[in-house]
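Source file: query39.txt; contents: compact mmCIF, C-alpha atoms and all ligand atoms.
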# COMPACT_ATOMS: atom_id res chain seq x y z
CA MET D 971 -6.75 -22.21 9.83
CA SER D 972 -4.15 -23.88 7.66
CA ASN D 973 -1.20 -21.67 6.87
CA GLY D 974 -1.46 -22.35 3.14
CA LYS D 975 -0.08 -25.77 3.96
CA ARG D 976 0.58 -28.07 1.03
CA SER D 977 -0.43 -31.69 0.86
CA ASP D 978 2.59 -32.60 -1.25
CA GLY D 979 5.11 -32.99 1.59
CA GLY D 980 6.81 -29.63 0.89
CA PRO D 981 8.11 -27.63 3.88
CA ASP D 982 5.41 -26.73 6.39
CA HIS D 983 6.17 -23.13 7.19
CA PHE D 984 5.56 -20.03 5.15
CA GLU D 985 9.02 -18.57 5.74
CA THR D 986 10.73 -21.75 4.53
CA ARG D 987 8.49 -22.23 1.51
CA ALA D 988 9.07 -18.61 0.42
CA ILE D 989 12.79 -19.30 0.18
CA HIS D 990 12.89 -22.91 -1.02
CA VAL D 991 9.86 -23.93 -3.09
CA GLY D 992 10.68 -23.76 -6.80
CA GLN D 993 14.16 -22.56 -5.96
CA SER D 994 16.50 -25.55 -5.75
CA ALA D 995 20.00 -25.12 -7.17
CA ASP D 996 20.10 -24.65 -10.93
CA PRO D 997 20.43 -28.08 -12.55
CA ALA D 998 22.75 -26.84 -15.31
CA THR D 999 25.30 -24.92 -13.22
CA GLY D 1000 24.56 -25.38 -9.53
CA SER D 1001 23.76 -21.68 -9.23
CA THR D 1002 22.28 -21.38 -5.74
CA ILE D 1003 20.02 -18.54 -6.79
CA VAL D 1004 17.52 -19.09 -9.60
CA PRO D 1005 19.18 -17.53 -12.69
CA VAL D 1006 17.54 -14.92 -14.91
CA TYR D 1007 16.91 -17.07 -17.98
CA GLN D 1008 16.97 -14.10 -20.34
CA THR D 1009 16.12 -16.11 -23.43
CA THR D 1010 13.16 -16.27 -25.78
CA THR D 1011 13.78 -19.80 -26.97
CA PHE D 1012 15.35 -23.14 -25.99
CA THR D 1013 17.47 -25.33 -28.26
CA GLN D 1014 15.94 -28.73 -28.91
CA ASP D 1015 17.98 -31.96 -28.95
CA SER D 1016 16.02 -33.19 -31.96
CA VAL D 1017 12.67 -32.09 -33.41
CA GLY D 1018 10.14 -32.05 -30.56
CA LYS D 1019 12.69 -33.41 -28.04
CA HIS D 1020 13.45 -30.74 -25.46
CA ARG D 1021 13.96 -30.35 -21.70
CA GLY D 1022 10.54 -28.99 -20.86
CA TYR D 1023 11.01 -25.52 -22.33
CA GLU D 1024 10.41 -24.42 -25.92
CA TYR D 1025 9.52 -20.73 -26.02
CA SER D 1026 9.35 -18.20 -23.19
CA ARG D 1027 5.78 -17.05 -23.79
CA SER D 1028 4.67 -20.59 -23.01
CA SER D 1029 7.12 -21.24 -20.20
CA ASN D 1030 10.37 -19.85 -18.80
CA PRO D 1031 12.36 -21.35 -15.90
CA THR D 1032 12.73 -18.06 -13.97
CA ARG D 1033 8.99 -17.49 -14.25
CA VAL D 1034 8.23 -21.07 -13.22
CA ALA D 1035 10.32 -20.62 -10.06
CA LEU D 1036 8.20 -17.58 -9.13
CA GLU D 1037 4.97 -19.40 -9.98
CA ASP D 1038 5.82 -22.47 -7.91
CA ALA D 1039 6.79 -20.35 -4.92
CA LEU D 1040 3.65 -18.22 -5.15
CA ALA D 1041 1.42 -21.28 -5.52
CA ALA D 1042 3.02 -22.86 -2.46
CA LEU D 1043 2.44 -19.72 -0.38
CA GLU D 1044 -1.23 -19.60 -1.36
CA GLY D 1045 -1.68 -23.32 -0.77
CA GLY D 1046 -2.61 -24.05 -4.39
CA ARG D 1047 -1.02 -26.43 -6.84
CA HIS D 1048 -0.82 -24.10 -9.85
CA GLY D 1049 0.54 -20.56 -10.17
CA PHE D 1050 0.46 -18.29 -13.22
CA ALA D 1051 2.46 -15.08 -13.41
CA TYR D 1052 1.27 -12.19 -15.58
CA ALA D 1053 2.79 -8.95 -16.80
CA SER D 1054 0.72 -6.85 -14.36
CA GLY D 1055 -2.02 -7.19 -11.80
CA MET D 1056 -4.54 -6.12 -14.44
CA ALA D 1057 -3.22 -8.76 -16.86
CA ALA D 1058 -3.79 -11.27 -14.04
CA VAL D 1059 -7.34 -9.99 -13.47
CA ASN D 1060 -8.00 -10.28 -17.19
CA GLY D 1061 -6.34 -13.71 -17.15
CA ALA D 1062 -8.69 -14.94 -14.40
CA MET D 1063 -11.64 -13.58 -16.40
CA GLN D 1064 -10.74 -16.01 -19.19
CA LEU D 1065 -12.50 -18.55 -16.95
CA VAL D 1066 -15.84 -17.07 -18.07
CA SER D 1067 -17.40 -16.72 -21.55
CA GLY D 1068 -19.83 -14.40 -23.31
CA GLY D 1069 -23.32 -14.92 -21.88
CA ASP D 1070 -21.97 -15.72 -18.41
CA HIS D 1071 -22.93 -13.55 -15.46
CA VAL D 1072 -20.48 -12.41 -12.76
CA VAL D 1073 -21.41 -11.08 -9.31
CA VAL D 1074 -18.84 -8.52 -8.21
CA ALA D 1075 -18.21 -6.78 -4.89
CA ASP D 1076 -18.78 -3.09 -5.63
CA ASP D 1077 -15.90 -2.05 -3.33
CA LEU D 1078 -13.34 -2.82 -6.00
CA TYR D 1079 -9.91 -1.78 -7.26
CA GLY D 1080 -10.55 1.00 -9.82
CA GLY D 1081 -8.73 -0.76 -12.67
CA THR D 1082 -10.75 -3.93 -12.14
CA TYR D 1083 -13.95 -1.90 -12.11
CA ARG D 1084 -12.95 -0.25 -15.41
CA LEU D 1085 -12.28 -3.65 -17.02
CA PHE D 1086 -15.61 -5.04 -15.80
CA ASP D 1087 -17.58 -1.88 -16.57
CA ARG D 1088 -16.17 -0.85 -19.95
CA VAL D 1089 -14.24 -3.67 -21.59
CA LEU D 1090 -15.61 -7.14 -20.83
CA PRO D 1091 -19.32 -6.27 -21.35
CA ARG D 1092 -18.35 -5.75 -25.02
CA TYR D 1093 -17.66 -9.50 -25.11
CA GLY D 1094 -21.06 -10.35 -23.69
CA VAL D 1095 -20.03 -10.96 -20.07
CA GLU D 1096 -22.62 -9.54 -17.68
CA PHE D 1097 -21.79 -8.02 -14.30
CA SER D 1098 -23.82 -7.20 -11.19
CA PHE D 1099 -22.13 -5.02 -8.58
CA VAL D 1100 -23.27 -5.66 -5.00
CA ASP D 1101 -22.31 -4.80 -1.43
CA ALA D 1102 -20.45 -8.05 -0.64
CA THR D 1103 -19.84 -7.06 2.98
CA ARG D 1104 -23.38 -8.45 3.29
CA PRO D 1105 -23.21 -11.97 1.79
CA GLU D 1106 -27.01 -12.10 1.44
CA GLU D 1107 -26.64 -9.40 -1.23
CA VAL D 1108 -24.33 -11.75 -3.13
CA ARG D 1109 -26.84 -14.58 -2.76
CA LYS D 1110 -29.69 -12.39 -4.04
CA ALA D 1111 -27.72 -11.39 -7.14
CA MET D 1112 -26.99 -14.97 -8.23
CA ARG D 1113 -28.65 -16.10 -11.49
CA ASP D 1114 -28.77 -19.36 -13.41
CA THR D 1115 -26.04 -17.97 -15.65
CA THR D 1116 -23.76 -16.82 -12.80
CA ARG D 1117 -20.39 -18.55 -13.23
CA MET D 1118 -18.22 -16.35 -11.04
CA VAL D 1119 -18.23 -14.27 -7.84
CA TRP D 1120 -15.43 -11.69 -7.52
CA ILE D 1121 -14.41 -10.08 -4.23
CA GLU D 1122 -11.56 -8.24 -2.51
CA SER D 1123 -10.87 -8.30 1.21
CA PRO D 1124 -9.78 -6.09 2.88
CA THR D 1125 -11.06 -3.50 0.40
CA ASN D 1126 -9.37 -0.38 -0.87
CA PRO D 1127 -9.18 2.15 0.74
CA MET D 1128 -11.70 1.73 3.60
CA LEU D 1129 -10.33 -1.72 4.56
CA ARG D 1130 -13.78 -3.29 4.80
CA LEU D 1131 -13.92 -7.04 5.30
CA VAL D 1132 -15.78 -9.51 3.10
CA ASP D 1133 -16.55 -12.99 4.41
CA VAL D 1134 -14.58 -15.25 2.05
CA ALA D 1135 -15.99 -18.55 3.35
CA ALA D 1136 -19.60 -17.31 3.12
CA CYS D 1137 -19.09 -16.10 -0.46
CA ALA D 1138 -17.38 -19.38 -1.38
CA GLU D 1139 -20.37 -21.33 -0.13
CA ILE D 1140 -22.79 -19.21 -2.16
CA ALA D 1141 -20.63 -19.59 -5.29
CA ARG D 1142 -20.31 -23.35 -4.82
CA ALA D 1143 -24.08 -23.77 -4.41
CA HIS D 1144 -24.50 -22.14 -7.86
CA ASP D 1145 -21.70 -24.00 -9.59
CA ALA D 1146 -19.73 -20.75 -9.84
CA ARG D 1147 -16.13 -19.96 -8.95
CA LEU D 1148 -15.21 -17.53 -6.19
CA VAL D 1149 -12.25 -15.31 -7.11
CA VAL D 1150 -10.49 -13.34 -4.36
CA ASP D 1151 -8.13 -10.49 -5.13
CA ASN D 1152 -5.73 -11.06 -2.23
CA THR D 1153 -3.40 -8.13 -2.97
CA PHE D 1154 -4.08 -6.18 0.25
CA ALA D 1155 -3.88 -9.15 2.61
CA THR D 1156 -1.00 -11.03 0.91
CA PRO D 1157 -0.60 -14.82 1.25
CA TYR D 1158 1.23 -14.20 4.53
CA LEU D 1159 -1.95 -12.97 6.20
CA GLN D 1160 -4.74 -14.68 4.28
CA ASN D 1161 -5.14 -17.80 2.11
CA PRO D 1162 -8.49 -17.63 0.29
CA LEU D 1163 -8.15 -21.16 -1.15
CA ALA D 1164 -8.12 -22.55 2.40
CA LEU D 1165 -11.33 -20.58 3.05
CA GLY D 1166 -13.07 -22.21 0.08
CA ALA D 1167 -12.24 -19.82 -2.78
CA HIS D 1168 -11.40 -21.31 -6.18
CA VAL D 1169 -9.09 -18.64 -7.58
CA VAL D 1170 -6.66 -16.15 -5.99
CA VAL D 1171 -5.48 -13.06 -7.84
CA HIS D 1172 -2.57 -10.78 -6.92
CA SER D 1173 -1.10 -7.57 -8.09
CA THR D 1174 2.47 -8.61 -7.20
CA THR D 1175 3.36 -4.96 -7.87
CA LYS D 1176 2.32 -4.29 -4.27
CA TYR D 1177 3.42 -6.32 -1.21
CA VAL D 1178 4.63 -9.46 -3.00
CA GLY D 1179 7.26 -7.57 -5.01
CA GLY D 1180 7.43 -5.18 -2.10
CA HIS D 1181 10.04 -2.69 -3.32
CA SER D 1182 8.04 -0.52 -5.74
CA ASP D 1183 10.33 -1.50 -8.59
CA VAL D 1184 8.44 -4.07 -10.65
CA ILE D 1185 4.91 -4.39 -12.09
CA GLY D 1186 3.43 -7.89 -12.07
CA GLY D 1187 0.44 -10.08 -11.31
CA ALA D 1188 -0.46 -13.67 -10.54
CA VAL D 1189 -3.35 -16.12 -10.51
CA ILE D 1190 -3.27 -19.20 -8.26
CA VAL D 1191 -5.66 -22.16 -8.39
CA ASP D 1192 -5.70 -25.64 -6.93
CA ASP D 1193 -7.83 -27.56 -9.43
CA ASP D 1194 -6.38 -28.98 -12.64
CA GLU D 1195 -9.28 -27.96 -14.88
CA SER D 1196 -8.93 -24.23 -14.09
CA ALA D 1197 -5.14 -24.55 -14.37
CA GLU D 1198 -5.30 -26.09 -17.83
CA HIS D 1199 -7.62 -23.35 -19.02
CA LEU D 1200 -5.43 -20.60 -17.55
CA GLN D 1201 -2.28 -22.05 -19.10
CA PHE D 1202 -3.99 -22.30 -22.48
CA THR D 1203 -5.50 -18.81 -22.44
CA ARG D 1204 -2.40 -17.09 -21.08
CA ASN D 1205 -0.33 -18.66 -23.83
CA ALA D 1206 -2.99 -17.71 -26.37
CA THR D 1207 -3.26 -14.09 -25.19
CA GLY D 1208 0.38 -13.53 -24.22
CA GLY D 1209 0.35 -11.25 -21.13
CA VAL D 1210 3.44 -12.79 -19.52
CA PRO D 1211 6.13 -11.10 -17.40
CA GLY D 1212 9.71 -11.17 -18.65
CA PRO D 1213 12.43 -13.19 -16.89
CA TRP D 1214 13.97 -10.14 -15.23
CA ASP D 1215 10.63 -8.96 -13.79
CA SER D 1216 9.89 -12.51 -12.66
CA TRP D 1217 13.26 -12.64 -10.91
CA LEU D 1218 12.77 -9.29 -9.15
CA THR D 1219 9.33 -10.39 -7.97
CA LEU D 1220 10.74 -13.68 -6.68
CA ARG D 1221 13.48 -11.82 -4.82
CA GLY D 1222 10.83 -9.69 -3.17
CA LEU D 1223 8.66 -12.67 -2.35
CA ARG D 1224 11.47 -14.33 -0.39
CA THR D 1225 11.30 -11.63 2.32
CA LEU D 1226 7.50 -11.22 2.34
CA SER D 1227 7.12 -12.63 5.86
CA LEU D 1228 9.72 -10.27 7.36
CA ARG D 1229 8.30 -7.26 5.61
CA MET D 1230 4.69 -8.03 6.49
CA ARG D 1231 5.53 -8.37 10.17
CA GLU D 1232 7.18 -4.94 10.12
CA HIS D 1233 4.45 -3.33 7.97
CA GLN D 1234 1.87 -4.60 10.38
CA ALA D 1235 3.68 -3.65 13.60
CA ASN D 1236 4.19 -0.14 12.20
CA ALA D 1237 0.59 0.11 10.96
CA GLU D 1238 -0.68 -0.71 14.46
CA LYS D 1239 1.46 2.07 15.94
CA VAL D 1240 0.48 4.54 13.22
CA ALA D 1241 -3.22 3.68 13.69
CA ASP D 1242 -2.94 4.25 17.46
CA PHE D 1243 -1.05 7.48 16.96
CA CYS D 1244 -3.59 8.80 14.44
CA GLY D 1245 -6.36 7.93 16.87
CA SER D 1246 -4.72 10.16 19.47
CA ARG D 1247 -4.74 13.28 17.28
CA ASP D 1248 -7.61 15.80 17.31
CA GLU D 1249 -7.06 16.63 13.62
CA ILE D 1250 -8.11 13.08 12.73
CA ALA D 1251 -11.82 12.27 13.00
CA ALA D 1252 -11.69 8.53 12.25
CA VAL D 1253 -9.10 5.79 11.82
CA HIS D 1254 -9.94 2.78 9.64
CA TYR D 1255 -7.73 -0.20 10.49
CA PRO D 1256 -9.05 -3.77 10.84
CA GLY D 1257 -6.81 -4.31 13.86
CA LEU D 1258 -8.78 -1.77 15.90
CA PRO D 1259 -11.50 -3.44 18.01
CA ASP D 1260 -14.09 -0.84 16.91
CA HIS D 1261 -13.50 -1.52 13.20
CA PRO D 1262 -16.68 -3.11 11.79
CA GLY D 1263 -14.69 -5.96 10.22
CA HIS D 1264 -12.47 -6.63 13.22
CA ASP D 1265 -14.04 -9.96 14.27
CA LEU D 1266 -14.20 -11.28 10.72
CA ALA D 1267 -10.59 -10.20 10.11
CA SER D 1268 -9.56 -12.03 13.29
CA ARG D 1269 -11.22 -15.18 11.96
CA GLN D 1270 -10.12 -15.22 8.33
CA MET D 1271 -6.75 -13.45 8.49
CA ARG D 1272 -3.58 -14.05 10.48
CA GLY D 1273 -3.02 -10.32 10.98
CA PHE D 1274 -4.43 -6.95 9.97
CA GLY D 1275 -1.96 -5.74 7.37
CA GLY D 1276 -0.05 -2.56 6.67
CA MET D 1277 -2.69 -0.17 5.30
CA VAL D 1278 -4.27 2.55 7.46
CA THR D 1279 -6.93 4.97 6.22
CA VAL D 1280 -7.93 8.11 8.10
CA ASP D 1281 -10.63 10.77 7.79
CA LEU D 1282 -9.33 14.18 8.76
CA ALA D 1283 -11.47 16.39 10.97
CA GLY D 1284 -11.79 19.03 8.29
CA ASP D 1285 -12.42 19.64 4.63
CA THR D 1286 -10.73 18.87 1.32
CA ASN D 1287 -8.13 21.56 1.89
CA LEU D 1288 -6.97 20.15 5.22
CA ALA D 1289 -6.66 16.67 3.68
CA LEU D 1290 -4.75 17.97 0.67
CA ARG D 1291 -2.41 20.05 2.85
CA PHE D 1292 -1.76 16.99 5.02
CA CYS D 1293 -0.94 14.86 1.94
CA GLU D 1294 1.45 17.54 0.72
CA SER D 1295 3.14 18.11 4.09
CA THR D 1296 4.58 14.68 4.90
CA ARG D 1297 8.31 14.25 4.39
CA LEU D 1298 8.77 10.50 4.77
CA PHE D 1299 5.40 9.38 3.37
CA SER D 1300 5.70 10.00 -0.40
CA LEU D 1301 2.61 11.31 -2.14
CA ALA D 1302 2.16 8.59 -4.73
CA GLU D 1303 -0.17 5.98 -6.19
CA SER D 1304 0.43 2.33 -5.28
CA LEU D 1305 1.11 0.63 -1.95
CA GLY D 1306 2.92 -2.22 -0.34
CA GLY D 1307 6.52 -1.07 -0.80
CA VAL D 1308 9.10 -0.85 1.98
CA GLU D 1309 8.78 2.96 1.85
CA SER D 1310 5.70 4.68 3.24
CA LEU D 1311 3.25 6.24 0.79
CA ILE D 1312 0.35 8.62 1.25
CA GLY D 1313 -2.57 8.97 -1.13
CA TYR D 1314 -5.78 10.95 -1.56
CA PRO D 1315 -8.39 8.43 -2.75
CA TRP D 1316 -11.03 11.03 -3.72
CA THR D 1317 -9.01 12.17 -6.76
CA MET D 1318 -6.19 9.62 -6.95
CA SER D 1319 -7.00 5.88 -6.68
CA HIS D 1320 -10.78 6.48 -6.85
CA GLY D 1321 -10.85 9.52 -9.11
CA ALA D 1322 -12.76 7.58 -11.76
CA PHE D 1323 -15.71 6.77 -9.45
CA SER D 1324 -18.68 9.12 -9.15
CA PRO D 1325 -19.00 11.16 -5.92
CA GLU D 1326 -22.07 9.08 -4.97
CA SER D 1327 -20.29 5.76 -5.39
CA LYS D 1328 -17.28 7.05 -3.46
CA ARG D 1329 -19.57 8.11 -0.60
CA ALA D 1330 -21.31 4.72 -0.73
CA LYS D 1331 -17.89 3.12 -0.19
CA GLY D 1332 -17.29 5.45 2.78
CA ILE D 1333 -14.72 7.65 1.00
CA THR D 1334 -15.01 11.41 1.61
CA GLU D 1335 -13.05 14.51 0.58
CA ALA D 1336 -11.27 14.23 3.95
CA THR D 1337 -10.12 10.62 3.49
CA VAL D 1338 -6.39 9.91 3.29
CA ARG D 1339 -4.81 6.49 2.72
CA LEU D 1340 -1.48 5.49 4.24
CA SER D 1341 0.62 2.59 3.02
CA VAL D 1342 2.77 2.18 6.11
CA GLY D 1343 6.33 1.17 5.21
CA ILE D 1344 9.03 -0.52 7.25
CA GLU D 1345 10.89 2.60 8.40
CA HIS D 1346 11.04 3.12 12.18
CA ALA D 1347 7.54 3.66 13.60
CA GLU D 1348 8.60 6.66 15.68
CA ASP D 1349 9.91 8.46 12.61
CA LEU D 1350 6.65 7.74 10.79
CA CYS D 1351 4.53 9.04 13.68
CA ASP D 1352 6.74 12.13 13.97
CA ASP D 1353 6.26 12.73 10.26
CA ILE D 1354 2.48 12.49 10.60
CA ALA D 1355 2.58 14.86 13.58
CA GLN D 1356 4.59 17.53 11.78
CA ALA D 1357 2.44 17.19 8.65
CA LEU D 1358 -0.76 17.63 10.68
CA ASP D 1359 0.73 20.65 12.47
CA ARG D 1360 1.74 22.25 9.18
CA ALA D 1361 -1.57 21.40 7.50
CA VAL D 1362 -3.50 23.10 10.31
CA ALA D 1363 -1.11 26.11 10.49
CA ALA D 1364 -1.43 26.73 6.74
CA LYS D 1365 -5.18 27.29 7.06
C1 LIG K 1401 -2.84 -2.50 -7.95
C2 LIG K 1401 -3.95 -3.44 -7.87
C3 LIG K 1401 -4.40 -4.15 -8.99
C4 LIG K 1401 -3.78 -3.96 -10.36
O1 LIG K 1401 -2.44 -4.30 -10.40
P1 LIG K 1401 -1.35 -3.66 -11.40
O2 LIG K 1401 -0.11 -4.42 -11.06
O3 LIG K 1401 -1.27 -2.19 -11.11
O4 LIG K 1401 -1.82 -3.90 -12.79
C5 LIG K 1401 -5.43 -5.06 -8.82
N1 LIG K 1401 -6.02 -5.24 -7.61
C6 LIG K 1401 -5.63 -4.55 -6.52
C7 LIG K 1401 -6.33 -4.79 -5.22
C8 LIG K 1401 -4.59 -3.63 -6.60
O5 LIG K 1401 -4.23 -2.95 -5.51
Would you write the structure of this file as structure tokens?
Ligand SMILES: *Cc1c(COP(=O)(O)O)cnc(C)c1O
Amino acid sequence: MSNGKRSDGGPDHFETRAIHVGQSADPATGSTIVPVYQTTTFTQDSVGKHRGYEYSRSSNPTRVALEDALAALEGGRHGFAYASGMAAVNGAMQLVSGGDHVVVADDLYGGTYRLFDRVLPRYGVEFSFVDATRPEEVRKAMRDTTRMVWIESPTNPMLRLVDVAACAEIARAHDARLVVDNTFATPYLQNPLALGAHVVVHSTTKYVGGHSDVIGGAVIVDDDESAEHLQFTRNATGGVPGPWDSWLTLRGLRTLSLRMREHQANAEKVADFCGSRDEIAAVHYPGLPDHPGHDLASRQMRGFGGMVTVDLAGDTNLALRFCESTRLFSLAESLGGVESLIGYPWTMSHGAFSPESKRAKGITEATVRLSVGIEHAEDLCDDIAQALDRAVAAK
């Protein structure tokens, strides 16, 4: 599989592109690091004669640096940064119109589900939610008016795998676009465009930013027609990130490869350790050979990522006590930062879903999600051990 390789003669390797694409020395001053262009407007030489920038909603040099780097890492020619992941999701949805039908994987980020369930139907966009882990379900849901298929892989929090290439083929056959929310995998581990997808979406709040200090989102495409429409609609609707947030996200992006290698190495150790404990009934990690998506993950990803989900061998109370007993894993929403986080999907990330739909996704009252950080793996395993001991003792 191509490693998001560009056809434009840019550097071949991910690590090099993350640090160099879009980031040559500042033409005005020679500043080696892309400056924070904290300006709303750009002085014109004469009316209509400017140096490519007029007004920062439309375009800003710090933001462009981030967008070019992100696009290069996803192997697309056009990147668009947004003020949040949800603004990016909404930005990608500008590619459809009232009357269009969208087939959506039902194992979906809660905020995206809310937008598709409660906001966009008011504008006449129709949605069908299907189990996309079985591509034939996607195929069956396609209609004449279907213009988009929307998936995530791996999914949150059960880390189920969806076959990106199979969904891309179905979308293509119906003249629809396949959108992949690539937040969990990151461009380091998966490039949906290379697998046939048309649009990639990120919450850069998570691994791309990587330090839990900046909210942001991005949409990446390769084709000019989608790019023109995204540029137009983003400028028309205005959900752009500021220069400072763009700069922070770019700084995070530069070390994505290093961080992902550590996240992943630690996640493997944490998954193994959890598997060795009697208090844990099941470990969900795509890197484990018995994970139902393991073979597909091995084909379409370059690694298995930094998220590990476990089902405790007990009830709600044991799971809650475990979540409240860790000392290094912070009990918090979000994921993908250098520090480890622990979450309780039943009432936290998936609190808005009905009990039936949570169960259909495989989530139970005993499910706990771990975003494994880049601390030392032994300290993380020790923390899990003491938290399990205390959770059981408190019974
Ligand atoms: C967090 C997240 C989003 C939304 O991003 P925000 O930056 O919080 O707006 C979208 N998709 C996935 C998979 C996410 O994890």
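For ligand LIG 1401 (chain K), the neighbouring protein, DNA and RNA residues, which are those within 7 Å when only C-alpha atoms and all ligand atoms are counted, are Ser1054, Gly1055, Met1056, Ala1057, Tyr1079, Gly1081, Thr1082, Glu1122, Asn1126, Asp1151, Asn1152, Thr1153, Phe1154, His1172, Ser1173, Thr1174, Thr1175, Lys1176, Ile1185, Gly1186, Gly1187 and Ser1304 of chain D.
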For Glu1294 of chain D, list every protein, DNA or RNA residue within 12 Å, evaluated using all atoms listed in the file, and leave out those in the same chain fewer than 2 positions away; present the list as a tab-separated table (two decimals) with C-alpha atoms, in the frame of the given file.
chain	number	residue	atom	x	y	z
D	1287	ASN	CA	-8.13	21.56	1.89
D	1288	LEU	CA	-6.97	20.15	5.22
D	1289	ALA	CA	-6.66	16.67	3.68
D	1290	LEU	CA	-4.75	17.97	0.67
D	1291	ARG	CA	-2.41	20.05	2.85
D	1292	PHE	CA	-1.76	16.99	5.02
D	1296	THR	CA	4.58	14.68	4.90
D	1297	ARG	CA	8.31	14.25	4.39
D	1298	LEU	CA	8.77	10.50	4.77
D	1299	PHE	CA	5.40	9.38	3.37
D	1300	SER	CA	5.70	10.00	-0.40
D	1301	LEU	CA	2.61	11.31	-2.14
D	1302	ALA	CA	2.16	8.59	-4.73
D	1311	LEU	CA	3.25	6.24	0.79
D	1312	ILE	CA	0.35	8.62	1.25
D	1313	GLY	CA	-2.57	8.97	-1.13
D	1314	TYR	CA	-5.78	10.95	-1.56
D	1338	VAL	CA	-6.39	9.91	3.29
D	1353	ASP	CA	6.26	12.73	10.26
D	1354	ILE	CA	2.48	12.49	10.60
D	1356	GLN	CA	4.59	17.53	11.78
D	1357	ALA	CA	2.44	17.19	8.65
D	1358	LEU	CA	-0.76	17.63	10.68
D	1360	ARG	CA	1.74	22.25	9.18
D	1361	ALA	CA	-1.57	21.40	7.50
D	1364	ALA	CA	-1.43	26.73	6.74
Subject >> Selected residue, from D:Leu1090, D:Ala1197, D:Val1066, D:Leu1228, that lies nearest to Val1178 of chain D when counting only C-alpha atoms >> reply: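 Of D:Leu1090, D:Ala1197, D:Val1066, D:Leu1228, the one nearest Val1178 of chain D is D:Leu1228, counting only C-alpha atoms.
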Original post:
What's the 6 Å shell around Ala1251 of chain D, counting all atoms listed in the file, without same-chain residues fewer than 2 positions away, as a list in words?
Top reply: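 Returned residues: Asp1281, Leu1282 and Ala1283 of chain D.
Among the candidates D:Ala1155, D:Ala1237, D:Leu1220, D:Ala1053, the one nearest to Gly1179 of chain D when counting all atoms listed in the file is D:Leu1220.
All polymer residues at most 6 Å from (14.8, -15.2, -18.6), using all atoms listed in the file, appear as Val1006, Tyr1007, Gln1008, Thr1009, Thr1032 and Pro1213 of chain D.
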Export of the given selection (C-alpha atoms) as an mmCIF file, in the coordinates of the input:
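The result, stored in part_8.cif:
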data_model
loop_
_atom_site.group_PDB
_atom_site.id
_atom_site.type_symbol
_atom_site.label_atom_id
_atom_site.label_comp_id
_atom_site.auth_asym_id
_atom_site.auth_seq_id
_atom_site.Cartn_x
_atom_site.Cartn_y
_atom_site.Cartn_z
ATOM 1 C CA VAL D 1006 17.540 -14.920 -14.910
ATOM 2 C CA TYR D 1007 16.910 -17.070 -17.980
ATOM 3 C CA GLN D 1008 16.970 -14.100 -20.340
ATOM 4 C CA THR D 1009 16.120 -16.110 -23.430
ATOM 5 C CA THR D 1032 12.730 -18.060 -13.970
ATOM 6 C CA PRO D 1213 12.430 -13.190 -16.890
#
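Counting all atoms listed in the file, the residue from D:Glu1249, D:Met1063, D:His1346, D:Arg1104 that sits nearest to Ala1363 of chain D is D:Glu1249.
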Segment 1201-1320 of chain D residues near segment 992-1002 of chain D within 12 Å, closest pair each, using all atoms listed in the file, as JSON lines:
{"residue": "D:Trp1217", "atom": "CA", "partner": "D:Gln993", "partner_atom": "CA", "distance": 11.1}
{"residue": "D:Leu1220", "atom": "CA", "partner": "D:Gln993", "partner_atom": "CA", "distance": 9.5}
{"residue": "D:Arg1221", "atom": "CA", "partner": "D:Gln993", "partner_atom": "CA", "distance": 10.8}
{"residue": "D:Leu1223", "atom": "CA", "partner": "D:Gln993", "partner_atom": "CA", "distance": 11.9}
{"residue": "D:Arg1224", "atom": "CA", "partner": "D:Gln993", "partner_atom": "CA", "distance": 10.3}
Subject >> For atom CA of Gly1166 of chain D and atom CA of Met1271 of chain D, the interatomic separation in Å (one decimal) >> reply: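 The value is 13.7 Å.
Within 9 Å of Gly1068 of chain D, once all atoms listed in the file are used and residues closer than 3 positions along the same chain are dropped, the contacting residues are His1071, Leu1090, Pro1091, Arg1092, Tyr1093, Gly1094, Val1095 and Glu1096 of chain D.
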**OP:** Name all residues at most 12 Å from Gly1046 of chain D (count all atoms listed in the file; drop same-chain ones fewer than 6 positions away) and give them as a ChimeraX atom specification.
**Re:** /D:973-978,1037-1040,1157,1161-1171,1189-1194,1196-1197
